[in-house]
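Colleague: Sending over final31.cif (mmCIF, C-alpha atoms and all ligand atoms).
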data_structure
#
loop_
_atom_site.label_atom_id
_atom_site.label_comp_id
_atom_site.auth_asym_id
_atom_site.auth_seq_id
_atom_site.Cartn_x
_atom_site.Cartn_y
_atom_site.Cartn_z
CA MET T 1 126.12 68.44 147.39
CA GLN T 2 128.00 69.80 150.38
CA ASN T 3 128.34 73.54 150.66
CA PHE T 4 132.09 74.22 150.64
CA ALA T 5 131.65 77.83 151.73
CA GLY T 6 131.99 76.63 155.35
CA SER T 7 133.78 79.20 157.45
CA ALA T 8 133.69 81.74 154.62
CA LEU T 9 130.05 82.53 155.48
CA PRO T 10 129.68 86.30 155.24
CA GLN T 11 128.58 86.86 158.84
CA ARG T 12 131.87 85.46 160.14
CA ILE T 13 134.85 87.69 160.74
CA TYR T 14 138.08 86.13 159.53
CA LEU T 15 141.22 87.38 161.29
CA ASP T 16 143.64 84.56 160.53
CA TYR T 17 145.21 85.77 157.28
CA ASN T 18 148.68 84.52 158.27
CA ALA T 19 147.31 80.96 158.20
CA THR T 20 145.74 81.39 154.79
CA THR T 21 144.03 84.03 152.70
CA PRO T 22 140.64 83.74 150.96
CA PRO T 23 140.71 83.97 147.15
CA ARG T 24 140.35 87.52 145.82
CA PRO T 25 136.98 88.47 144.26
CA ARG T 26 138.61 88.73 140.81
CA LEU T 27 139.75 85.10 141.15
CA ARG T 28 136.33 83.92 142.29
CA SER T 29 134.65 85.58 139.31
CA ARG T 30 137.08 84.00 136.82
CA TRP T 31 137.26 80.57 138.49
CA SER T 32 135.44 78.66 135.73
CA GLU T 33 138.03 79.88 133.18
CA LEU T 34 140.67 77.87 135.05
CA LEU T 35 138.91 74.65 134.12
CA ASP T 36 139.68 75.41 130.48
CA VAL T 37 143.43 75.29 131.14
CA SER T 38 143.34 71.57 130.51
CA GLY T 39 146.40 70.96 128.32
CA ASN T 40 149.81 69.84 129.49
CA PRO T 41 152.35 72.68 129.11
CA SER T 42 155.05 70.17 128.13
CA SER T 43 153.08 68.78 125.17
CA ILE T 44 153.87 69.82 121.63
CA HIS T 45 150.32 70.03 120.24
CA ASN T 46 147.82 72.87 120.23
CA GLU T 47 146.39 72.22 123.72
CA SER T 48 149.75 73.03 125.28
CA ARG T 49 149.71 76.60 123.99
CA VAL T 50 147.42 78.11 126.62
CA PRO T 51 149.16 76.51 129.65
CA LYS T 52 152.58 77.37 128.17
CA THR T 53 151.52 81.01 127.82
CA ILE T 54 150.13 81.08 131.36
CA LEU T 55 153.35 79.60 132.75
CA ARG T 56 155.45 82.17 130.92
CA GLU T 57 153.19 85.07 131.84
CA THR T 58 152.95 84.14 135.54
CA ARG T 59 156.71 83.68 135.79
CA GLN T 60 157.10 87.08 134.14
CA LYS T 61 154.66 88.74 136.56
CA ILE T 62 156.55 87.34 139.56
CA ALA T 63 159.83 88.49 138.04
CA GLU T 64 158.41 92.01 137.62
CA ILE T 65 157.29 92.14 141.25
CA LEU T 66 160.63 90.84 142.55
CA GLN T 67 162.68 92.56 139.82
CA CYS T 68 164.52 89.32 139.04
CA SER T 69 164.84 87.24 135.89
CA PRO T 70 161.85 84.98 135.07
CA LEU T 71 164.34 82.13 134.72
CA GLU T 72 165.14 82.49 138.42
CA ILE T 73 161.57 81.44 139.37
CA VAL T 74 160.61 77.79 139.86
CA PHE T 75 157.00 76.76 140.53
CA ASN T 76 156.33 74.17 143.20
CA SER T 77 153.61 73.01 145.59
CA GLY T 78 154.16 75.69 148.23
CA ALA T 79 156.64 77.07 150.70
CA SER T 80 157.08 73.82 152.66
CA GLU T 81 158.42 72.21 149.51
CA GLY T 82 160.41 75.35 148.71
CA ASN T 83 162.03 75.48 152.15
CA SER T 84 162.83 71.75 152.17
CA SER T 85 164.31 72.00 148.67
CA VAL T 86 166.52 74.98 149.55
CA LEU T 87 168.01 73.34 152.63
CA ARG T 88 168.60 70.04 150.87
CA SER T 89 170.14 71.75 147.84
CA ALA T 90 172.58 73.61 150.08
CA PHE T 91 173.47 70.33 151.79
CA ASP T 92 174.16 68.64 148.46
CA TRP T 93 176.24 71.59 147.28
CA ASP T 94 179.61 70.85 148.92
CA ARG T 95 178.88 68.67 151.91
CA LYS T 96 182.51 67.55 152.41
CA ASN T 97 183.65 71.13 153.01
CA ARG T 98 180.45 72.91 153.98
CA ASN T 99 178.06 70.86 156.11
CA GLU T 100 177.02 73.53 158.62
CA PHE T 101 173.75 75.44 158.69
CA LEU T 102 172.37 78.34 160.67
CA VAL T 103 168.61 78.56 161.07
CA SER T 104 166.70 80.61 163.61
CA GLN T 105 164.89 79.00 166.53
CA VAL T 106 161.59 80.41 165.32
CA GLU T 107 161.47 79.00 161.79
CA HIS T 108 158.47 77.30 160.24
CA PRO T 109 158.39 73.50 160.76
CA SER T 110 159.32 72.97 157.12
CA VAL T 111 162.74 74.49 157.92
CA GLN T 112 163.04 73.07 161.45
CA LYS T 113 162.19 69.53 160.37
CA THR T 114 164.39 69.61 157.28
CA ALA T 115 167.21 70.82 159.55
CA ALA T 116 166.55 67.85 161.85
CA TYR T 117 166.69 65.53 158.83
CA LEU T 118 169.99 67.07 157.70
CA ILE T 119 171.42 66.53 161.20
CA SER T 120 170.53 62.85 160.83
CA GLN T 121 172.53 62.90 157.59
CA GLY T 122 175.64 64.39 159.20
CA ALA T 123 174.99 68.14 159.01
CA VAL T 124 175.73 70.48 161.91
CA VAL T 125 172.94 72.97 162.57
CA HIS T 126 173.34 76.07 164.73
CA PHE T 127 169.96 77.34 165.95
CA ILE T 128 170.07 81.14 166.15
CA PRO T 129 168.47 82.48 169.34
CA VAL T 130 165.82 85.16 169.35
CA ASN T 131 165.04 87.36 172.36
CA ARG T 132 161.71 88.14 174.02
CA ASP T 133 161.12 91.00 171.62
CA GLY T 134 161.63 88.65 168.68
CA ILE T 135 164.99 90.22 167.79
CA ILE T 136 167.47 87.79 166.25
CA ASP T 137 170.95 87.41 167.78
CA LEU T 138 173.30 88.84 165.13
CA LYS T 139 176.32 88.28 167.38
CA PHE T 140 175.52 84.54 167.45
CA ILE T 141 175.36 84.54 163.65
CA LYS T 142 178.72 86.34 163.35
CA GLU T 143 180.32 83.90 165.80
CA ASN T 144 178.99 80.77 164.14
CA VAL T 145 179.20 81.49 160.42
CA SER T 146 182.45 80.12 159.00
CA SER T 147 184.02 78.62 155.91
CA ARG T 148 182.17 75.41 156.97
CA THR T 149 178.76 77.07 156.59
CA ALA T 150 176.65 76.01 153.63
CA LEU T 151 173.54 78.09 154.28
CA VAL T 152 171.96 80.63 156.61
CA SER T 153 168.16 80.37 156.51
CA VAL T 154 165.79 82.74 158.31
CA MET T 155 162.27 84.01 157.86
CA TYR T 156 161.86 87.51 156.54
CA ALA T 157 158.73 87.94 158.68
CA ASN T 158 157.56 85.58 161.39
CA ASN T 159 154.12 84.05 160.89
CA GLU T 160 153.27 84.03 164.61
CA THR T 161 154.53 87.39 165.83
CA GLY T 162 155.05 89.33 162.60
CA THR T 163 158.64 90.18 163.59
CA VAL T 164 160.81 91.18 160.64
CA PHE T 165 164.40 89.94 160.57
CA PRO T 166 167.25 92.04 159.06
CA VAL T 167 167.65 89.62 156.20
CA SER T 168 169.97 91.79 154.15
CA GLU T 169 172.39 92.29 157.08
CA ILE T 170 172.32 88.54 157.86
CA GLY T 171 172.99 87.81 154.19
CA GLU T 172 176.07 90.04 154.24
CA ILE T 173 177.46 88.02 157.17
CA ALA T 174 176.71 84.74 155.38
CA HIS T 175 178.22 85.87 152.08
CA ALA T 176 181.39 87.17 153.75
CA SER T 177 182.17 83.53 154.59
CA GLY T 178 181.11 82.24 151.19
CA ALA T 179 177.87 80.75 152.55
CA LEU T 180 174.49 80.88 150.81
CA MET T 181 171.54 82.88 152.11
CA HIS T 182 167.86 81.93 152.12
CA ALA T 183 164.85 83.87 153.36
CA ASP T 184 161.39 82.43 153.82
CA CYS T 185 159.42 85.38 152.39
CA VAL T 186 155.96 83.80 152.75
CA GLN T 187 154.59 86.40 155.16
CA MET T 188 156.16 89.46 153.56
CA LEU T 189 154.61 89.83 150.12
CA GLY T 190 151.46 91.94 150.23
CA LYS T 191 152.20 93.09 153.80
CA SER T 192 155.27 95.20 153.29
CA GLU T 193 156.88 97.16 150.51
CA PHE T 194 160.39 95.87 150.07
CA ASP T 195 163.07 96.00 147.44
CA PHE T 196 163.60 92.28 146.94
CA MET T 197 166.78 92.49 144.88
CA SER T 198 168.50 94.73 147.44
CA LEU T 199 168.24 91.82 149.92
CA ASN T 200 170.80 89.99 147.79
CA LEU T 201 169.42 86.53 148.55
CA ASP T 202 170.45 83.27 146.94
CA TYR T 203 167.06 81.71 147.59
CA ALA T 204 163.60 82.92 148.62
CA THR T 205 160.40 80.98 149.10
CA PHE T 206 156.76 82.00 148.62
CA SER T 207 153.32 80.43 148.87
CA ALA T 208 150.25 81.25 146.72
CA HIS T 209 147.68 80.62 149.44
CA LYS T 210 149.13 83.51 151.47
CA LEU T 211 148.63 85.69 148.39
CA TYR T 212 144.84 85.39 148.09
CA SER T 213 145.14 82.52 145.65
CA VAL T 214 144.67 78.78 146.08
CA LYS T 215 146.53 76.16 148.10
CA GLY T 216 149.03 73.71 146.64
CA THR T 217 151.05 76.23 144.60
CA GLY T 218 154.18 78.14 145.46
CA PHE T 219 157.35 79.43 143.89
CA CYS T 220 160.95 79.63 144.73
CA TYR T 221 163.45 82.30 143.70
CA ILE T 222 166.79 80.67 142.90
CA LYS T 223 169.46 83.22 142.10
CA LYS T 224 171.18 82.44 138.79
CA GLY T 225 174.07 80.05 139.45
CA SER T 226 172.97 78.98 142.97
CA PRO T 227 173.36 75.26 143.64
CA TRP T 228 170.12 73.33 143.18
CA THR T 229 169.01 69.73 143.54
CA SER T 230 165.47 68.87 142.49
CA LEU T 231 163.58 67.36 145.41
CA VAL T 232 161.10 65.82 142.99
CA HIS T 233 162.61 63.69 140.24
CA GLY T 234 160.55 63.68 137.09
CA GLY T 235 160.23 64.73 133.50
CA GLY T 236 162.58 67.71 133.47
CA GLN T 237 159.91 70.37 134.03
CA GLU T 238 160.95 73.79 135.28
CA ARG T 239 164.26 73.36 133.43
CA GLY T 240 165.00 70.22 135.43
CA ARG T 241 164.64 72.06 138.74
CA ARG T 242 161.33 70.51 139.80
CA GLY T 243 159.92 67.34 138.27
CA GLY T 244 156.19 66.84 137.77
CA THR T 245 153.58 68.49 135.56
CA GLU T 246 153.03 72.01 136.82
CA ASN T 247 149.85 72.69 138.83
CA MET T 248 148.29 74.72 136.03
CA THR T 249 145.06 75.52 137.89
CA GLY T 250 147.06 76.91 140.81
CA ILE T 251 149.47 78.81 138.58
CA ALA T 252 146.66 80.28 136.44
CA ALA T 253 144.89 81.35 139.66
CA LEU T 254 148.08 82.99 140.90
CA ASN T 255 148.40 84.76 137.55
CA ILE T 256 144.98 86.38 138.10
CA VAL T 257 145.76 87.72 141.60
CA LEU T 258 149.37 88.78 141.01
CA ASP T 259 148.43 92.06 139.27
CA GLU T 260 147.20 93.32 142.63
CA PHE T 261 150.65 92.80 144.18
CA LYS T 262 152.41 95.27 141.88
CA ASP T 263 151.21 98.11 144.04
CA CYS T 264 149.51 97.32 147.34
CA LYS T 265 150.54 100.43 149.29
CA THR T 266 146.90 101.25 150.08
CA GLU T 267 146.18 97.78 151.47
CA ILE T 268 149.37 97.85 153.54
CA SER T 269 148.67 101.22 155.11
CA LYS T 270 145.05 100.23 155.80
CA MET T 271 146.15 97.03 157.56
CA ARG T 272 148.69 98.98 159.62
CA ARG T 273 146.10 101.53 160.68
CA LEU T 274 143.61 98.80 161.62
CA ARG T 275 146.19 96.68 163.46
CA ASP T 276 147.35 99.71 165.47
CA ALA T 277 143.72 100.59 166.26
CA LEU T 278 143.05 96.99 167.27
CA GLU T 279 145.99 96.98 169.70
CA GLU T 280 145.11 100.40 171.13
CA GLN T 281 141.50 99.38 171.74
CA ILE T 282 142.45 96.03 173.28
CA LEU T 283 145.01 97.60 175.62
CA SER T 284 142.63 100.32 176.72
CA ARG T 285 139.67 97.98 177.33
CA ILE T 286 141.19 94.73 178.60
CA SER T 287 143.61 94.56 181.51
CA GLY T 288 146.54 92.14 181.69
CA VAL T 289 147.32 92.07 177.96
CA THR T 290 150.83 92.29 176.50
CA ILE T 291 151.79 92.40 172.86
CA THR T 292 154.57 90.00 171.91
CA GLY T 293 157.34 91.46 169.76
CA GLN T 294 155.97 94.99 169.92
CA ALA T 295 159.39 96.52 170.57
CA GLY T 296 160.91 95.23 167.34
CA PRO T 297 160.08 95.77 163.66
CA ARG T 298 156.87 94.00 162.64
CA ILE T 299 154.80 93.51 159.50
CA CYS T 300 151.64 95.60 159.38
CA ASN T 301 148.96 92.98 159.93
CA THR T 302 149.96 90.78 162.88
CA SER T 303 149.22 91.06 166.55
CA SER T 304 150.34 88.36 168.97
CA LEU T 305 148.85 88.81 172.43
CA VAL T 306 149.39 87.24 175.83
CA ILE T 307 146.17 87.57 177.83
CA ASP T 308 146.67 86.88 181.54
CA GLY T 309 144.38 84.41 183.24
CA VAL T 310 142.90 82.99 180.04
CA ASP T 311 143.65 79.76 178.22
CA GLY T 312 144.34 80.58 174.56
CA GLU T 313 142.69 77.43 173.16
CA THR T 314 139.50 78.02 175.18
CA LEU T 315 139.47 81.65 174.08
CA LEU T 316 139.96 80.67 170.44
CA MET T 317 137.15 78.11 170.55
CA THR T 318 134.75 80.48 172.31
CA LEU T 319 135.49 83.21 169.77
CA ASP T 320 135.02 80.68 166.97
CA LEU T 321 131.54 79.87 168.26
CA LYS T 322 130.80 83.60 168.28
CA GLY T 323 131.85 83.87 164.60
CA PHE T 324 135.47 85.04 164.81
CA SER T 325 138.41 83.14 163.32
CA VAL T 326 141.75 83.73 165.03
CA SER T 327 144.58 81.44 166.08
CA THR T 328 146.65 80.66 169.15
CA GLY T 329 150.01 80.25 167.50
CA ALA T 330 149.98 76.84 169.20
CA ALA T 331 150.39 73.71 167.13
CA CYS T 332 147.43 71.52 167.97
CA SER T 333 148.12 67.90 167.13
CA SER T 334 145.62 65.07 167.68
CA GLY T 335 143.71 66.97 170.33
CA ASN T 336 146.87 67.47 172.37
CA PRO T 337 147.53 71.19 172.35
CA GLU T 338 151.12 72.14 173.05
CA PRO T 339 152.13 75.76 173.50
CA SER T 340 153.81 77.39 170.53
CA PRO T 341 157.52 76.41 170.23
CA VAL T 342 158.09 79.81 168.58
CA LEU T 343 156.82 81.76 171.59
CA MET T 344 158.68 79.45 173.98
CA ALA T 345 161.90 79.95 171.97
CA MET T 346 161.44 83.70 172.42
CA GLY T 347 161.56 83.16 176.17
CA LEU T 348 157.86 83.27 177.02
CA SER T 349 156.92 80.90 179.83
CA ARG T 350 154.74 77.88 179.10
CA GLY T 351 151.87 79.68 180.85
CA GLU T 352 152.32 82.81 178.75
CA ALA T 353 152.50 80.80 175.53
CA GLN T 354 149.33 78.96 176.57
CA SER T 355 147.58 82.30 177.08
CA SER T 356 148.45 83.59 173.64
CA LEU T 357 146.25 84.63 170.76
CA ARG T 358 147.30 85.62 167.24
CA ILE T 359 145.20 88.02 165.23
CA SER T 360 146.24 88.57 161.63
CA LEU T 361 144.50 91.05 159.36
CA GLY T 362 144.11 91.02 155.60
CA TRP T 363 143.20 93.16 152.65
CA GLU T 364 139.47 92.63 153.33
CA THR T 365 139.60 93.58 157.01
CA ALA T 366 137.47 96.66 157.77
CA ASP T 367 137.00 99.06 160.73
CA GLU T 368 133.71 97.36 161.56
CA HIS T 369 135.43 93.96 161.90
CA ILE T 370 137.92 95.39 164.38
CA ALA T 371 135.19 97.06 166.46
CA ARG T 372 133.10 93.87 166.58
CA PHE T 373 136.12 91.71 167.36
CA VAL T 374 137.34 93.91 170.24
CA GLN T 375 133.84 93.93 171.74
CA ALA T 376 133.63 90.11 171.54
CA LEU T 377 137.17 89.66 172.90
CA ASP T 378 136.47 91.99 175.83
CA GLU T 379 133.26 90.13 176.77
CA THR T 380 134.83 86.68 176.30
CA VAL T 381 137.96 87.43 178.32
CA LEU T 382 135.83 88.88 181.14
CA LYS T 383 133.61 85.78 181.16
CA LEU T 384 136.51 83.30 181.04
CA ARG T 385 138.31 85.12 183.85
CA GLU T 386 135.12 85.00 185.96
CA ILE T 387 134.80 81.26 185.32
CA ASN T 388 138.45 80.74 186.28
CA GLU T 389 137.95 82.69 189.52
CA GLU T 390 134.88 80.63 190.40
CA GLU T 391 136.81 77.41 189.68
CA LYS T 392 139.61 78.58 191.96
CA LYS T 393 137.14 79.38 194.76
CA LYS T 394 135.53 75.93 194.38
CA ASN T 395 138.95 74.25 194.57
CA TYR T 396 139.76 76.19 197.77
CA ALA T 397 136.43 75.07 199.26
CA ILE T 398 137.34 71.40 198.62
C1 LIG T 401 156.49 81.53 157.28
C2 LIG T 401 155.93 80.33 156.59
N1 LIG T 401 156.74 79.53 155.90
C3 LIG T 401 156.28 78.43 155.26
C4 LIG T 401 154.96 78.11 155.26
C5 LIG T 401 154.49 76.89 154.53
O1 LIG T 401 153.78 77.25 153.38
P1 LIG T 401 152.89 76.20 152.58
O2 LIG T 401 151.60 76.09 153.31
O3 LIG T 401 152.73 76.80 151.22
O4 LIG T 401 153.63 74.92 152.52
C6 LIG T 401 154.06 78.92 155.98
C7 LIG T 401 152.64 78.56 156.07
O5 LIG T 401 152.04 78.56 157.12
C8 LIG T 401 154.56 80.06 156.66
O6 LIG T 401 153.76 80.87 157.35
#
Would it be possible to restate this file's structure as structure tokens?
Modeller:
Amino acid sequence: MQNFAGSALPQRIYLDYNATTPPRPRLRSRWSELLDVSGNPSSIHNESRVPKTILRETRQKIAEILQCSPLEIVFNSGASEGNSSVLRSAFDWDRKNRNEFLVSQVEHPSVQKTAAYLISQGAVVHFIPVNRDGIIDLKFIKENVSSRTALVSVMYANNETGTVFPVSEIGEIAHASGALMHADCVQMLGKSEFDFMSLNLDYATFSAHKLYSVKGTGFCYIKKGSPWTSLVHGGGQERGRRGGTENMTGIAALNIVLDEFKDCKTEISKMRRLRDALEEQILSRISGVTITGQAGPRICNTSSLVIDGVDGETLLMTLDLKGFSVSTGAACSSGNPEPSPVLMAMGLSRGEAQSSLRISLGWETADEHIARFVQALDETVLKLREINEEEKKKNYAI
């Protein structure tokens, strides 16, 4: 049988927590219990009792963390489904009178592509600009929100740069015109302490695999009374808000890890200390490095770098071979790497975006990982720059 441990081999150093997080040790140790959650929560007989209890308990745990009502939480397959559902629900709400949307230029593809779909259905979408520091253009929002606006949708924290948007202030602008407000909160939970209810959102989306649980599970906060259309038609699960038998393995796994999210101050301050140390060490050892979005507010674990004279993909692959997992922030499709649209939207040149590297830390990251990573990055950048110089010299000679 294949060994599924793959990249989780202990000698590797994983620094790509914004892409996904490994399951917590407490989840690994209780994994076999999840196989016993075999009943259907919608059944009437005895086997439905355990899954019903897990559903209720998990919903309650989320509600305690967010300080909302458990009835305002709907389970789904993840934040892509959550984001798509929110935008489509807002479109169905009152499309004759309110068919306009505002989304930022740096949203996740699940928002960008749903917005493109809504445009094809007659919606008008205003893409909110973001400057080089990652700061969102509030003036643009004020000028474009109107009584025609159905929804304003922005990320709370950006997955590529870690920039935090002033979601509560944006929500006030949206609400003043009677529009709805959504925040993609995927990258915020476990990386920042925030008072969710004070944000006064109508919708918020979350994903379990960014919370040290498993993939294929997420949840959406839908404020009581907010318009909602189920994207998945089915048997009336989740009070008719999301058809299909709930992913009980995923929800039971989430239940196990959620207790650690009630108070994660220690993890947050550790990640901040390590991320700051990482940036300090990189800047002092490697020349020609700039940190994207450093001037604005950022979550504690993310560092997006532009490294002059180095191709980000080559750097990533070389580091991978040396045992380090990081990312470029570039979407790599069918072997045709394109620079990150997020970085380009922030005003970075194509060359800068192609020289970018994202490092994202997690609860398991330790001082030793940072020291070993900086050493490897320093050596690799030096080597790649040397190779580039030699290539240039050869080209001159020809
Ligand atoms: C900010 C943000 N939103 C949405 C998603 C999509 O989440 P999921 O993988 O659960 O569909 C991601 C995942 O990369 C993300 O980082």
Colleague: With distances taken over all atoms listed in the file, which of T:His108, T:Lys96, T:Arg59, T:Arg28 is nearest to ligand LIG 401 (chain T)?
Modeller: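 Among the listed residues, the smallest separation from ligand LIG 401 (chain T) belongs to T:His108.
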Colleague: Is it possible to get the axis-aligned box enclosing ligand LIG 401 (chain T) (all listed atoms, 4 Å extra per side) as lines of an AutoDock Vina configuration file, with centre and edge lengths in Å rounded to one decimal?
Modeller:
center_x = 154.2
center_y = 78.2
center_z = 154.3
size_x = 13.1
size_y = 14.6
size_z = 14.1
Colleague: Check the smallest atom-to-atom distance from each of T:Ala366, T:Ile173, T:Val374, T:Val106 to ligand LIG 401 (chain T) using all atoms listed in the file, then report the winner.
Modeller: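 Closest to ligand LIG 401 (chain T), using all atoms listed in the file: T:Val106.
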Colleague: Quick one: pull the distance between CA of Ile291 (chain T) and CA of His126 (chain T), Å, one decimal.
Modeller: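 Spanning CA of Ile291 (chain T) to CA of His126 (chain T) is a straight-line distance of 28.2 Å.
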Colleague: Please check which residues have atoms at most 8 Å from (133.5, 86.0, 162.5) in the file's coordinates, counting all atoms listed in the file, and write them as a PyMOL selection string.
Modeller: chain T and resi 11-15+320+322-325+373
Colleague: Please compute the CA of Cys300 (chain T)-CA of Asp184 (chain T) distance, one decimal, in Å.
Modeller: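 Taking CA of Cys300 (chain T) and CA of Asp184 (chain T), their separation equals 17.3 Å.
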Colleague: Got a sec: who's within 8 Å of Gly216 (chain T), counting only C-alpha atoms, leaving out chain neighbours fewer than 3 positions off, as a PDB file with C-alpha atoms, keeping the file's coordinate frame?
Modeller:
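Result written to out.pdb:
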ATOM      1  CA  SER T  77     153.610  73.010 145.590  1.00  0.00           C
ATOM      2  CA  GLY T  78     154.160  75.690 148.230  1.00  0.00           C
ATOM      3  CA  ALA T 208     150.250  81.250 146.720  1.00  0.00           C
ATOM      4  CA  HIS T 209     147.680  80.620 149.440  1.00  0.00           C
ATOM      5  CA  ASN T 247     149.850  72.690 138.830  1.00  0.00           C
ATOM      6  CA  GLY T 250     147.060  76.910 140.810  1.00  0.00           C
TER       7      GLY T 250
END
Colleague: Where does chain T meet ligand LIG 401 (chain T) within 8 Å, residue by residue, with the nearest atom pair and distance in Å to one decimal for each, counting only C-alpha atoms and all ligand atoms, listed by chain and rising number, as a Markdown table?
Modeller:
| residue | atom | partner | partner_atom | distance |
| --- | --- | --- | --- | --- |
| T:Asn18 | CA | T:LIG401 | O6 | 6.3 |
| T:Ala19 | CA | T:LIG401 | O5 | 5.4 |
| T:Thr20 | CA | T:LIG401 | O5 | 7.3 |
| T:Ser77 | CA | T:LIG401 | O3 | 6.8 |
| T:Gly78 | CA | T:LIG401 | O3 | 3.5 |
| T:Ala79 | CA | T:LIG401 | O1 | 3.9 |
| T:Ser80 | CA | T:LIG401 | O4 | 3.6 |
| T:Glu81 | CA | T:LIG401 | O4 | 6.3 |
| T:Gly82 | CA | T:LIG401 | O4 | 7.8 |
| T:Asn83 | CA | T:LIG401 | C3 | 7.2 |
| T:Glu107 | CA | T:LIG401 | C1 | 7.2 |
| T:His108 | CA | T:LIG401 | N1 | 5.2 |
| T:Pro109 | CA | T:LIG401 | C3 | 7.7 |
| T:Ser110 | CA | T:LIG401 | C3 | 6.5 |
| T:Met155 | CA | T:LIG401 | C1 | 6.3 |
| T:Ala157 | CA | T:LIG401 | C1 | 6.9 |
| T:Asn158 | CA | T:LIG401 | C1 | 5.9 |
| T:Asn159 | CA | T:LIG401 | O6 | 4.8 |
| T:Glu160 | CA | T:LIG401 | O6 | 7.9 |
| T:Asp184 | CA | T:LIG401 | N1 | 5.9 |
| T:Cys185 | CA | T:LIG401 | C1 | 6.9 |
| T:Val186 | CA | T:LIG401 | C1 | 5.1 |
| T:Gln187 | CA | T:LIG401 | C1 | 5.6 |
| T:Thr205 | CA | T:LIG401 | C3 | 7.8 |
| T:Phe206 | CA | T:LIG401 | O3 | 7.1 |
| T:Ser207 | CA | T:LIG401 | O3 | 4.4 |
| T:Ala208 | CA | T:LIG401 | O3 | 6.8 |
| T:His209 | CA | T:LIG401 | O3 | 6.6 |
| T:Lys210 | CA | T:LIG401 | C7 | 7.6 |
| T:Lys215 | CA | T:LIG401 | O3 | 7.0 |
| T:Gly216 | CA | T:LIG401 | O3 | 6.6 |
| T:Thr217 | CA | T:LIG401 | O3 | 6.9 |
| T:Gly218 | CA | T:LIG401 | O3 | 6.1 |
Colleague: Do you have the CA of Arg98 (chain T)-CA of Glu169 (chain T) distance handy?
Modeller: 21.2 Å
Colleague: Which one of T:Met181, T:Pro23, T:Ser230, T:Ser168 sits closest to Asp195 (chain T) if you count all atoms listed in the file?
Modeller: T:Ser168
Colleague: Have a look at T:Ile136, T:Leu199, T:Val326, T:Ala116 and name the one nearest to Leu87 (chain T); count all atoms listed in the file.
Modeller: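 Residue with the minimum atom-to-atom distance to Leu87 (chain T): T:Ala116.
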Colleague: Mind checking which residues fall within 9 Å of Ser147 (chain T), counting all atoms listed in the file, ignoring those fewer than 3 positions away in the same chain, and posting them as a list in words?
Modeller: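 In the requested format, the answer is Asn97, Arg98, Ala150, Ser177, Gly178 and Ala179 of chain T.
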Colleague: Provide region 78-89 of chain T rebuilt to N, CA and C atoms, formatted as a PDB file, in the coordinates of the input.
Modeller:
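What follows is the written file result_33.pdb:
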ATOM      1  N   GLY T  78     154.344  74.784 147.102  1.00  0.00           N
ATOM      2  CA  GLY T  78     154.160  75.690 148.230  1.00  0.00           C
ATOM      3  C   GLY T  78     155.468  75.906 148.962  1.00  0.00           C
ATOM      4  N   ALA T  79     155.398  76.677 150.032  1.00  0.00           N
ATOM      5  CA  ALA T  79     156.640  77.070 150.700  1.00  0.00           C
ATOM      6  C   ALA T  79     157.265  75.929 151.524  1.00  0.00           C
ATOM      7  N   SER T  80     156.467  74.949 151.940  1.00  0.00           N
ATOM      8  CA  SER T  80     157.080  73.820 152.660  1.00  0.00           C
ATOM      9  C   SER T  80     158.024  73.082 151.704  1.00  0.00           C
ATOM     10  N   GLU T  81     157.543  72.849 150.490  1.00  0.00           N
ATOM     11  CA  GLU T  81     158.420  72.210 149.510  1.00  0.00           C
ATOM     12  C   GLU T  81     159.603  73.124 149.182  1.00  0.00           C
ATOM     13  N   GLY T  82     159.338  74.401 149.021  1.00  0.00           N
ATOM     14  CA  GLY T  82     160.410  75.350 148.710  1.00  0.00           C
ATOM     15  C   GLY T  82     161.487  75.339 149.788  1.00  0.00           C
ATOM     16  N   ASN T  83     161.053  75.439 151.044  1.00  0.00           N
ATOM     17  CA  ASN T  83     162.030  75.480 152.150  1.00  0.00           C
ATOM     18  C   ASN T  83     162.833  74.178 152.226  1.00  0.00           C
ATOM     19  N   SER T  84     162.130  73.044 152.117  1.00  0.00           N
ATOM     20  CA  SER T  84     162.830  71.750 152.170  1.00  0.00           C
ATOM     21  C   SER T  84     163.840  71.659 151.031  1.00  0.00           C
ATOM     22  N   SER T  85     163.432  72.095 149.842  1.00  0.00           N
ATOM     23  CA  SER T  85     164.310  72.000 148.670  1.00  0.00           C
ATOM     24  C   SER T  85     165.555  72.860 148.846  1.00  0.00           C
ATOM     25  N   VAL T  86     165.377  74.070 149.383  1.00  0.00           N
ATOM     26  CA  VAL T  86     166.520  74.980 149.550  1.00  0.00           C
ATOM     27  C   VAL T  86     167.546  74.355 150.504  1.00  0.00           C
ATOM     28  N   LEU T  87     167.066  73.880 151.649  1.00  0.00           N
ATOM     29  CA  LEU T  87     168.010  73.340 152.630  1.00  0.00           C
ATOM     30  C   LEU T  87     168.732  72.103 152.073  1.00  0.00           C
ATOM     31  N   ARG T  88     167.974  71.258 151.395  1.00  0.00           N
ATOM     32  CA  ARG T  88     168.600  70.040 150.870  1.00  0.00           C
ATOM     33  C   ARG T  88     169.554  70.361 149.716  1.00  0.00           C
ATOM     34  N   SER T  89     169.229  71.352 148.927  1.00  0.00           N
ATOM     35  CA  SER T  89     170.140  71.750 147.840  1.00  0.00           C
ATOM     36  C   SER T  89     171.457  72.259 148.418  1.00  0.00           C
TER      37      SER T  89
END
